[in-house]
$ cat structure39.txt   # compact mmCIF, C-alpha atoms
# COMPACT_ATOMS: atom_id res chain seq x y z
CA MET A 150 16.08 88.92 131.37
CA SER A 151 14.96 92.38 130.26
CA ARG A 152 12.34 93.82 132.61
CA LEU A 153 10.24 96.76 131.43
CA LEU A 154 8.19 98.84 133.86
CA ILE A 155 5.50 100.94 132.18
CA PHE A 156 3.66 103.70 134.03
CA GLY A 157 0.28 104.12 132.35
CA PRO A 158 -1.24 101.00 130.72
CA GLY A 159 -3.03 102.95 127.99
CA TYR A 160 -3.42 102.75 124.22
CA THR A 161 0.20 103.38 123.23
CA ALA A 162 1.64 101.39 126.13
CA ARG A 163 -0.32 98.32 125.09
CA HIS A 164 1.14 98.52 121.58
CA VAL A 165 4.66 98.88 122.97
CA ALA A 166 4.13 95.83 125.19
CA ALA A 167 2.79 93.83 122.24
CA ALA A 168 5.86 94.72 120.16
CA LEU A 169 8.18 93.44 122.91
CA ALA A 170 6.20 90.33 123.84
CA PRO A 171 7.84 88.10 121.17
CA ARG A 172 11.21 88.86 122.77
CA GLY A 173 10.21 87.24 126.03
CA TRP A 174 10.46 90.42 128.07
CA SER A 175 8.98 90.67 131.54
CA ILE A 176 6.58 93.62 131.39
CA THR A 177 4.94 95.26 134.40
CA MET A 178 2.27 97.92 133.88
CA VAL A 179 1.27 100.32 136.63
CA GLY A 180 -1.91 102.38 136.45
CA ARG A 181 -2.57 105.63 138.28
CA ASP A 182 -4.00 103.79 141.29
CA GLY A 183 -0.81 101.77 141.66
CA ILE A 184 1.78 104.48 141.14
CA GLY A 185 2.43 104.78 144.85
CA ASP A 186 3.35 101.10 145.15
CA ALA A 187 5.92 100.98 142.34
CA GLY A 188 9.11 101.35 144.37
CA ALA A 189 10.18 97.71 144.15
CA ALA A 190 9.39 97.55 140.44
CA ILE A 191 11.56 100.63 139.80
CA ALA A 192 14.50 99.01 141.56
CA ALA A 193 14.10 95.77 139.58
CA ALA A 194 13.51 97.21 136.10
CA THR A 195 16.11 97.22 133.36
CA HIS A 196 13.91 99.60 131.30
CA ILE A 197 11.36 102.16 132.53
CA LEU A 198 8.75 103.98 130.43
CA SER A 199 6.22 106.59 131.52
CA THR A 200 3.23 107.33 129.31
CA VAL A 201 1.41 109.29 132.04
CA PRO A 202 0.58 112.92 131.19
CA PRO A 203 0.62 115.67 133.81
CA ASP A 204 -2.26 115.84 136.24
CA GLY A 205 -2.96 119.54 136.55
CA ASP A 206 0.44 121.17 136.97
CA ALA A 207 2.26 118.09 138.30
CA ASP A 208 3.62 114.88 136.84
CA PRO A 209 2.15 112.19 139.14
CA VAL A 210 4.96 109.70 138.50
CA LEU A 211 7.71 112.20 139.31
CA ALA A 212 5.78 113.57 142.26
CA ARG A 213 5.70 110.13 143.87
CA HIS A 214 8.91 108.51 142.63
CA GLY A 215 11.21 111.24 141.32
CA ASP A 216 14.04 110.45 143.75
CA ALA A 217 13.82 106.68 143.17
CA LEU A 218 13.76 107.13 139.39
CA ALA A 219 16.77 109.45 139.50
CA GLN A 220 18.74 106.69 141.27
CA ALA A 221 17.25 103.75 139.36
CA PRO A 222 19.71 101.18 137.98
CA ALA A 223 17.78 100.95 134.69
CA GLY A 224 19.91 101.24 131.57
CA TRP A 225 17.07 102.81 129.58
CA MET A 226 14.37 105.25 130.61
CA GLY A 227 11.69 106.78 128.38
CA TYR A 228 9.00 109.44 128.65
CA LEU A 229 6.21 110.01 126.14
CA SER A 230 5.89 113.75 125.70
CA SER A 231 4.00 115.78 123.08
CA THR A 232 5.01 117.94 120.13
CA GLY A 233 2.52 120.38 121.64
CA VAL A 234 5.43 121.59 123.80
CA TYR A 235 6.70 123.49 120.73
CA GLY A 236 3.59 125.66 120.54
CA ASP A 237 2.57 127.35 117.31
CA SER A 238 5.27 127.63 114.63
CA GLY A 239 2.96 129.08 111.99
CA GLY A 240 3.28 125.90 109.95
CA ALA A 241 7.11 125.95 109.93
CA TRP A 242 9.21 122.86 110.61
CA VAL A 243 10.38 122.21 114.16
CA ASP A 244 13.08 119.80 115.27
CA GLU A 245 14.34 118.83 118.71
CA SER A 246 16.40 122.02 119.01
CA ALA A 247 13.30 124.25 118.88
CA PRO A 248 12.38 126.04 122.12
CA ILE A 249 9.54 124.63 124.19
CA GLY A 250 7.15 126.05 126.75
CA GLY A 251 5.61 128.83 124.68
CA GLY A 252 2.43 126.98 123.70
CA ARG A 253 -0.74 125.86 125.43
CA ARG A 254 0.90 122.90 127.15
CA THR A 255 2.96 124.49 129.89
CA ALA A 256 2.51 121.56 132.29
CA ARG A 257 3.60 119.11 129.59
CA SER A 258 6.65 121.30 128.84
CA ALA A 259 7.59 121.33 132.52
CA ALA A 260 7.26 117.53 132.74
CA ASP A 261 9.30 117.13 129.55
CA ALA A 262 12.10 119.21 131.04
CA ALA A 263 11.93 117.43 134.40
CA TRP A 264 12.21 113.98 132.84
CA ARG A 265 15.14 115.13 130.67
CA ALA A 266 17.04 116.25 133.76
CA LEU A 267 16.10 113.20 135.83
CA HIS A 268 18.43 110.43 134.70
CA PRO A 269 21.38 110.14 132.28
CA GLU A 270 19.65 107.35 130.35
CA THR A 271 16.36 109.20 129.73
CA ARG A 272 14.88 109.35 126.23
CA ILE A 273 12.13 111.89 125.57
CA PHE A 274 9.78 110.93 122.74
CA ARG A 275 7.74 113.89 121.52
CA LEU A 276 4.61 112.68 119.77
CA PRO A 277 2.11 114.47 117.53
CA GLY A 278 -1.48 113.29 116.94
CA ILE A 279 -1.66 109.54 117.57
CA TYR A 280 -3.88 107.30 115.47
CA GLY A 281 -4.26 103.56 114.97
CA PRO A 282 -6.77 100.71 115.24
CA GLY A 283 -10.02 101.96 116.76
CA ARG A 284 -8.72 105.51 117.00
CA SER A 285 -8.46 107.26 113.66
CA ALA A 286 -10.26 109.50 111.19
CA LEU A 287 -11.98 106.36 109.90
CA ASP A 288 -13.69 105.89 113.25
CA ARG A 289 -14.68 109.55 113.53
CA VAL A 290 -16.10 109.62 110.00
CA ALA A 291 -18.03 106.38 110.54
CA ALA A 292 -19.46 107.69 113.82
CA GLY A 293 -20.46 111.03 112.29
CA GLN A 294 -18.01 112.86 114.55
CA ALA A 295 -15.51 114.14 111.96
CA HIS A 296 -15.15 117.86 111.30
CA ARG A 297 -13.83 119.93 108.43
CA ILE A 298 -12.81 123.35 109.68
CA ALA A 299 -12.22 126.32 107.37
CA LEU A 300 -8.71 127.27 108.46
CA PRO A 301 -6.51 127.65 105.37
CA GLY A 302 -2.84 126.94 106.09
CA GLN A 303 -3.44 124.99 109.31
CA ILE A 304 -1.19 121.93 109.25
CA PHE A 305 0.24 119.44 111.70
CA SER A 306 1.95 116.06 112.01
CA ARG A 307 0.67 112.70 113.16
CA ILE A 308 1.98 109.20 113.89
CA HIS A 309 0.59 105.67 113.71
CA VAL A 310 0.74 103.94 117.09
CA ALA A 311 2.65 100.99 115.58
CA ASP A 312 5.38 103.41 114.52
CA ILE A 313 5.65 104.76 118.05
CA ALA A 314 6.16 101.21 119.29
CA SER A 315 8.81 100.48 116.66
CA ALA A 316 10.66 103.71 117.53
CA LEU A 317 10.78 102.83 121.21
CA VAL A 318 11.99 99.31 120.45
CA ALA A 319 14.68 100.76 118.16
CA SER A 320 15.75 103.08 120.97
CA MET A 321 16.02 100.14 123.35
CA ASP A 322 18.25 98.36 120.84
CA ARG A 323 20.50 101.27 119.91
CA GLY A 324 20.94 105.02 120.02
CA PRO A 325 21.85 107.50 122.73
CA ALA A 326 19.73 109.14 125.37
CA GLY A 327 18.14 112.43 124.38
CA ILE A 328 15.09 113.90 122.67
CA TYR A 329 13.38 112.36 119.65
CA ASN A 330 10.47 113.59 117.57
CA ILE A 331 8.49 110.55 116.46
CA ALA A 332 6.32 111.71 113.57
CA ASP A 333 5.48 110.58 110.06
CA ASP A 334 7.00 112.11 106.92
CA LEU A 335 4.01 114.10 105.67
CA PRO A 336 2.48 116.83 107.82
CA ALA A 337 -0.95 117.62 106.41
CA PRO A 338 -4.12 119.60 107.10
CA GLN A 339 -6.68 117.81 109.24
CA ASN A 340 -9.24 118.39 106.49
CA ALA A 341 -7.15 116.32 104.06
CA VAL A 342 -7.10 113.41 106.50
CA VAL A 343 -10.86 113.53 107.02
CA GLU A 344 -11.48 113.76 103.27
CA TYR A 345 -9.28 110.74 102.57
CA ALA A 346 -11.06 108.74 105.29
CA CYS A 347 -14.41 109.65 103.70
CA ASP A 348 -13.12 108.46 100.34
CA LEU A 349 -11.98 105.11 101.79
CA LEU A 350 -15.35 104.57 103.47
CA GLY A 351 -17.46 105.90 100.62
CA ARG A 352 -19.01 108.49 102.94
CA PRO A 353 -20.01 112.08 102.07
CA LEU A 354 -17.72 114.87 103.24
CA PRO A 355 -18.71 116.67 106.42
CA PRO A 356 -19.68 120.30 105.80
CA LEU A 357 -16.91 122.88 105.87
CA LEU A 358 -17.51 124.93 109.02
CA THR A 359 -15.99 127.81 110.88
CA LEU A 360 -14.65 127.19 114.36
CA ASP A 361 -17.72 128.82 115.87
CA GLN A 362 -20.10 126.75 113.75
CA ALA A 363 -18.37 123.48 114.68
CA GLY A 364 -19.20 123.87 118.37
CA LEU A 365 -15.89 122.37 119.45
CA SER A 366 -14.75 121.97 123.03
CA PRO A 367 -12.20 124.47 124.38
CA ALA A 368 -9.47 121.82 124.09
CA ALA A 369 -10.34 121.12 120.45
CA ARG A 370 -10.45 124.83 119.61
CA ALA A 371 -7.01 125.23 121.21
CA PHE A 372 -5.71 122.43 118.99
CA TYR A 373 -6.76 124.36 115.89
CA ALA A 374 -4.99 127.48 117.20
CA GLU A 375 -1.59 125.86 116.51
CA SER A 376 0.09 124.83 113.27
CA ARG A 377 3.47 123.14 112.80
CA ARG A 378 5.42 120.56 110.85
CA VAL A 379 7.45 118.12 112.96
CA ALA A 380 10.84 116.91 111.66
CA ASN A 381 11.79 113.29 112.42
CA GLY A 382 15.34 113.20 111.05
CA ARG A 383 17.09 112.70 114.38
CA ALA A 384 15.22 109.47 115.13
CA LYS A 385 16.03 108.21 111.65
CA ARG A 386 19.72 109.00 111.97
CA LEU A 387 20.40 107.85 115.52
CA LEU A 388 17.89 105.02 115.95
CA GLY A 389 17.86 103.64 112.43
CA TRP A 390 14.08 104.02 112.58
CA ARG A 391 11.71 104.49 109.66
CA PRO A 392 7.93 104.77 109.94
CA ALA A 393 6.09 101.84 108.40
CA PHE A 394 3.30 104.32 107.66
CA PRO A 395 5.15 107.36 106.30
CA ASP A 396 1.97 109.35 105.65
CA TYR A 397 -1.68 109.37 106.67
CA ARG A 398 -2.77 107.76 103.40
CA ALA A 399 -0.67 104.66 104.02
CA GLY A 400 -1.84 104.46 107.61
CA LEU A 401 -5.53 104.86 106.84
CA ARG A 402 -5.38 102.41 103.94
CA ALA A 403 -3.86 99.78 106.23
CA LEU A 404 -6.48 100.43 108.91
CA SER A 405 -9.28 100.29 106.36
CA ALA A 406 -8.05 96.91 105.15
CA ILE A 407 -8.25 95.35 108.63
CA THR A 408 -11.42 97.04 109.86
CA SER A 409 -14.85 95.56 109.20
CA PRO A 410 -17.78 97.88 108.42
CA ALA A 411 -19.47 96.81 111.65
CA SER A 412 -16.55 97.67 113.89
CA VAL A 413 -15.65 100.89 112.10
CA SER A 414 -19.18 102.11 112.74
CA SER A 415 -18.69 101.87 116.49
CA PRO A 416 -17.89 105.12 118.32
CA PRO A 417 -14.13 105.48 118.88
CA ALA A 418 -12.61 105.34 122.32
CA ALA A 419 -12.10 108.64 124.09
CA GLY A 420 -8.82 110.23 123.07
CA SER A 421 -5.95 110.84 125.40
CA ALA A 422 -4.18 114.12 125.84
CA LEU A 423 -1.43 112.89 123.53
CA GLN A 424 -3.79 112.77 120.60
CA ARG A 425 -4.01 116.52 120.31

$ encode --input "structure39.txt" --output "structure tokens"
Amino acid sequence: MSRLLIFGPGYTARHVAAALAPRGWSITMVGRDGIGDAGAAIAAATHILSTVPPDGDADPVLARHGDALAQAPAGWMGYLSSTGVYGDSGGAWVDESAPIGGGRRTARSAADAAWRALHPETRIFRLPGIYGPGRSALDRVAAGQAHRIALPGQIFSRIHVADIASALVASMDRGPAGIYNIADDLPAPQNAVVEYACDLLGRPLPPLLTLDQAGLSPAARAFYAESRRVANGRAKRLLGWRPAFPDYRAGLRALSAITSPASVSSPPAAGSALQR
């Protein structure tokens, strides 16, 4: 039987587990409070996935279990990283060969590198902005929390959570260890996404504001300081993966079709670090 150990039972992890459930896998999820007790699960797992971001400057999973993970008998190991490790490319395309560590996410870059060097079967999945049910521009627009920022030329990539799950499952089925960008096919300005969500919901557009007028948090302002397009060709070639939602329009249309007006009006869940 395939036995998957997941560190971090969060939003993306739950979608990965749901995608594997029909296969009859044994899935163990370990939260932050249980990381220290995971030694036996590491030794028993055939597949290991960490979705846990750095805590300060350290990766909590590696800090506690780095040696055990390096010697684990698992035939597949995965780490969910961020395309933020590439920093600002001025809107240019980046692939897996691009240098990392020059952006705002130095701790994430260090964890990315440490996981890559940890085990010969490690796969690094670099993710852009994650959206999906209960966590999308539709929810922010409905809750009155969406922004349009006057930053011409600012562009970035995103990915539907179901497409992350399908990429990880494809990697478990085939494809070598290594680094994979998991992004959709159409990088786009954040304003375009918000405007399309408003159109789907029949809501007025938020005002176009400067960064100072928007009153954003420091983390949100830092997000707008970077611009890049993320290439996904390696995952397509080596994993045989294709996103079911190749652009934000397809993803938001699908979410709109399954979301009732009552639920879409509820405030969205707090975003994780991977969403930026």

$ residues_around --input "structure39.txt" --residues "range 373-377 of chain A" --least-positions-apart "2" --cutoff "12 Å" --atoms "all atoms listed in the file" --output "number ranges by chain"
A: 232-244, 247, 251-254, 277-278, 296-307, 332, 335-340, 359-361, 363, 365-371, 379-380, 425

$ closest_atom_pairs --input "structure39.txt" --of "range 157-275 of chain A" --to "range 308-319 of chain A" --cutoff "7 Å" --atoms "all atoms listed in the file" --output "tab-separated table"
residue	atom	partner	partner_atom	distance
A:Thr161	CA	A:Val310	CA	6.2
A:His164	CA	A:Ala314	CA	6.1
A:Val165	CA	A:Ala314	CA	4.6
A:Ala168	CA	A:Ala314	CA	6.6

$ atom_distance --input "structure39.txt" --atom1 "CA of Gly159 in chain A" --atom2 "CA of Leu404 in chain A"
19.6 Å

$ residues_around --input "structure39.txt" --residues "range 344-353 of chain A" --least-positions-apart "3" --cutoff "7 Å" --atoms "only C-alpha atoms" --output "tab-separated table (two decimals) with C-alpha atoms, in the coordinates of the input"
chain	number	residue	atom	x	y	z
A	286	ALA	CA	-10.26	109.50	111.19
A	287	LEU	CA	-11.98	106.36	109.90
A	290	VAL	CA	-16.10	109.62	110.00
A	340	ASN	CA	-9.24	118.39	106.49
A	341	ALA	CA	-7.15	116.32	104.06
A	401	LEU	CA	-5.53	104.86	106.84

$ atom_distance --input "structure39.txt" --atom1 "CA of Leu211 in chain A" --atom2 "CA of Arg152 in chain A"
20.1 Å

$ residues_around --input "structure39.txt" --residues "Arg257 in chain A" --least-positions-apart "3" --cutoff "12 Å" --atoms "only C-alpha atoms" --output "ChimeraX atom specification"
/A:200-209,228-236,249-254,260-264,273,275-276,422-423

$ atom_distance --input "structure39.txt" --atom1 "CA of Gly173 in chain A" --atom2 "CA of Leu218 in chain A"
24.2 Å

$ closest_residue --input "structure39.txt" --among "A:Ser320, A:Gln294, A:Ala403, A:Leu154" --to "Pro282 in chain A" --atoms "only C-alpha atoms"
A:Ala403

$ closest_residue --input "structure39.txt" --among "A:Ser175, A:Thr255, A:Ser285, A:Thr271" --to "Ala219 in chain A" --atoms "only C-alpha atoms"
A:Thr271

$ residues_near_point --input "structure39.txt" --point "(9.9, 107.0, 112.4)" --cutoff "7 Å" --atoms "all atoms listed in the file" --output "ChimeraX atom specification"
/A:312,316,331-333,381,384-385,390-392

$ residues_near_point --input "structure39.txt" --point "(8.8, 90.4, 129.2)" --cutoff "8 Å" --atoms "all atoms listed in the file" --output "PyMOL selection string"
chain A and resi 150-153+169-170+172-176

$ build_atoms --input "structure39.txt" --residues "range 289-300 of chain A" --atoms "all heavy atoms" --output "PDB file, keeping the file's coordinate frame"
ATOM      1  N   ARG A 289     -13.921 108.315 113.352  1.00  0.00           N
ATOM      2  CA  ARG A 289     -14.680 109.550 113.530  1.00  0.00           C
ATOM      3  C   ARG A 289     -15.654 109.776 112.377  1.00  0.00           C
ATOM      4  O   ARG A 289     -16.794 110.194 112.590  1.00  0.00           O
ATOM      5  CB  ARG A 289     -13.728 110.734 113.673  1.00  0.00           C
ATOM      6  CG  ARG A 289     -12.891 110.674 114.944  1.00  0.00           C
ATOM      7  CD  ARG A 289     -12.154 111.964 115.204  1.00  0.00           C
ATOM      8  NE  ARG A 289     -11.177 112.280 114.168  1.00  0.00           N
ATOM      9  CZ  ARG A 289      -9.946 111.801 114.135  1.00  0.00           C
ATOM     10  NH1 ARG A 289      -9.540 110.941 115.070  1.00  0.00           N
ATOM     11  NH2 ARG A 289      -9.102 112.146 113.181  1.00  0.00           N
ATOM     12  N   VAL A 290     -15.198 109.477 111.152  1.00  0.00           N
ATOM     13  CA  VAL A 290     -16.100 109.620 110.000  1.00  0.00           C
ATOM     14  C   VAL A 290     -17.264 108.653 110.123  1.00  0.00           C
ATOM     15  O   VAL A 290     -18.433 109.012 109.926  1.00  0.00           O
ATOM     16  CB  VAL A 290     -15.322 109.396 108.680  1.00  0.00           C
ATOM     17  CG1 VAL A 290     -16.292 109.215 107.505  1.00  0.00           C
ATOM     18  CG2 VAL A 290     -14.373 110.559 108.409  1.00  0.00           C
ATOM     19  N   ALA A 291     -16.975 107.394 110.442  1.00  0.00           N
ATOM     20  CA  ALA A 291     -18.030 106.380 110.540  1.00  0.00           C
ATOM     21  C   ALA A 291     -19.034 106.710 111.631  1.00  0.00           C
ATOM     22  O   ALA A 291     -20.221 106.391 111.512  1.00  0.00           O
ATOM     23  CB  ALA A 291     -17.410 105.015 110.785  1.00  0.00           C
ATOM     24  N   ALA A 292     -18.580 107.349 112.704  1.00  0.00           N
ATOM     25  CA  ALA A 292     -19.460 107.690 113.820  1.00  0.00           C
ATOM     26  C   ALA A 292     -20.140 109.041 113.637  1.00  0.00           C
ATOM     27  O   ALA A 292     -20.889 109.477 114.513  1.00  0.00           O
ATOM     28  CB  ALA A 292     -18.671 107.683 115.121  1.00  0.00           C
ATOM     29  N   GLY A 293     -19.875 109.717 112.516  1.00  0.00           N
ATOM     30  CA  GLY A 293     -20.460 111.030 112.290  1.00  0.00           C
ATOM     31  C   GLY A 293     -19.884 112.112 113.175  1.00  0.00           C
ATOM     32  O   GLY A 293     -20.527 113.129 113.433  1.00  0.00           O
ATOM     33  N   GLN A 294     -18.645 111.919 113.627  1.00  0.00           N
ATOM     34  CA  GLN A 294     -18.010 112.860 114.550  1.00  0.00           C
ATOM     35  C   GLN A 294     -16.851 113.632 113.922  1.00  0.00           C
ATOM     36  O   GLN A 294     -16.151 114.370 114.603  1.00  0.00           O
ATOM     37  CB  GLN A 294     -17.504 112.107 115.780  1.00  0.00           C
ATOM     38  CG  GLN A 294     -18.615 111.441 116.574  1.00  0.00           C
ATOM     39  CD  GLN A 294     -18.094 110.548 117.679  1.00  0.00           C
ATOM     40  OE1 GLN A 294     -16.903 110.230 117.730  1.00  0.00           O
ATOM     41  NE2 GLN A 294     -18.975 110.128 118.570  1.00  0.00           N
ATOM     42  N   ALA A 295     -16.622 113.466 112.622  1.00  0.00           N
ATOM     43  CA  ALA A 295     -15.510 114.140 111.960  1.00  0.00           C
ATOM     44  C   ALA A 295     -15.912 115.572 111.603  1.00  0.00           C
ATOM     45  O   ALA A 295     -17.073 115.865 111.303  1.00  0.00           O
ATOM     46  CB  ALA A 295     -15.110 113.390 110.701  1.00  0.00           C
ATOM     47  N   HIS A 296     -14.923 116.460 111.634  1.00  0.00           N
ATOM     48  CA  HIS A 296     -15.150 117.860 111.300  1.00  0.00           C
ATOM     49  C   HIS A 296     -14.216 118.287 110.175  1.00  0.00           C
ATOM     50  O   HIS A 296     -13.084 117.812 110.087  1.00  0.00           O
ATOM     51  CB  HIS A 296     -14.874 118.765 112.514  1.00  0.00           C
ATOM     52  CG  HIS A 296     -15.748 118.496 113.692  1.00  0.00           C
ATOM     53  ND1 HIS A 296     -17.059 118.925 113.771  1.00  0.00           N
ATOM     54  CD2 HIS A 296     -15.511 117.846 114.854  1.00  0.00           C
ATOM     55  CE1 HIS A 296     -17.584 118.552 114.917  1.00  0.00           C
ATOM     56  NE2 HIS A 296     -16.661 117.898 115.601  1.00  0.00           N
ATOM     57  N   ARG A 297     -14.702 119.182 109.348  1.00  0.00           N
ATOM     58  CA  ARG A 297     -13.830 119.930 108.430  1.00  0.00           C
ATOM     59  C   ARG A 297     -13.958 121.397 108.817  1.00  0.00           C
ATOM     60  O   ARG A 297     -15.051 121.964 108.805  1.00  0.00           O
ATOM     61  CB  ARG A 297     -14.220 119.712 106.974  1.00  0.00           C
ATOM     62  CG  ARG A 297     -13.898 118.319 106.459  1.00  0.00           C
ATOM     63  CD  ARG A 297     -13.935 118.294 104.930  1.00  0.00           C
ATOM     64  NE  ARG A 297     -15.204 118.778 104.416  1.00  0.00           N
ATOM     65  CZ  ARG A 297     -15.335 119.450 103.270  1.00  0.00           C
ATOM     66  NH1 ARG A 297     -14.278 119.725 102.524  1.00  0.00           N
ATOM     67  NH2 ARG A 297     -16.537 119.836 102.859  1.00  0.00           N
ATOM     68  N   ILE A 298     -12.830 121.987 109.176  1.00  0.00           N
ATOM     69  CA  ILE A 298     -12.810 123.350 109.680  1.00  0.00           C
ATOM     70  C   ILE A 298     -12.137 124.266 108.646  1.00  0.00           C
ATOM     71  O   ILE A 298     -11.063 123.945 108.131  1.00  0.00           O
ATOM     72  CB  ILE A 298     -12.052 123.447 111.022  1.00  0.00           C
ATOM     73  CG1 ILE A 298     -12.610 122.417 112.021  1.00  0.00           C
ATOM     74  CG2 ILE A 298     -12.144 124.855 111.579  1.00  0.00           C
ATOM     75  CD1 ILE A 298     -14.045 122.630 112.395  1.00  0.00           C
ATOM     76  N   ALA A 299     -12.745 125.381 108.369  1.00  0.00           N
ATOM     77  CA  ALA A 299     -12.220 126.320 107.370  1.00  0.00           C
ATOM     78  C   ALA A 299     -11.095 127.152 107.975  1.00  0.00           C
ATOM     79  O   ALA A 299     -11.314 128.268 108.466  1.00  0.00           O
ATOM     80  CB  ALA A 299     -13.345 127.228 106.867  1.00  0.00           C
ATOM     81  N   LEU A 300      -9.904 126.587 107.959  1.00  0.00           N
ATOM     82  CA  LEU A 300      -8.710 127.270 108.460  1.00  0.00           C
ATOM     83  C   LEU A 300      -7.577 127.059 107.462  1.00  0.00           C
ATOM     84  O   LEU A 300      -6.708 126.203 107.645  1.00  0.00           O
ATOM     85  CB  LEU A 300      -8.299 126.722 109.833  1.00  0.00           C
ATOM     86  CG  LEU A 300      -9.120 127.164 111.038  1.00  0.00           C
ATOM     87  CD1 LEU A 300      -8.664 126.435 112.284  1.00  0.00           C
ATOM     88  CD2 LEU A 300      -8.999 128.668 111.243  1.00  0.00           C
TER      89      LEU A 300
END
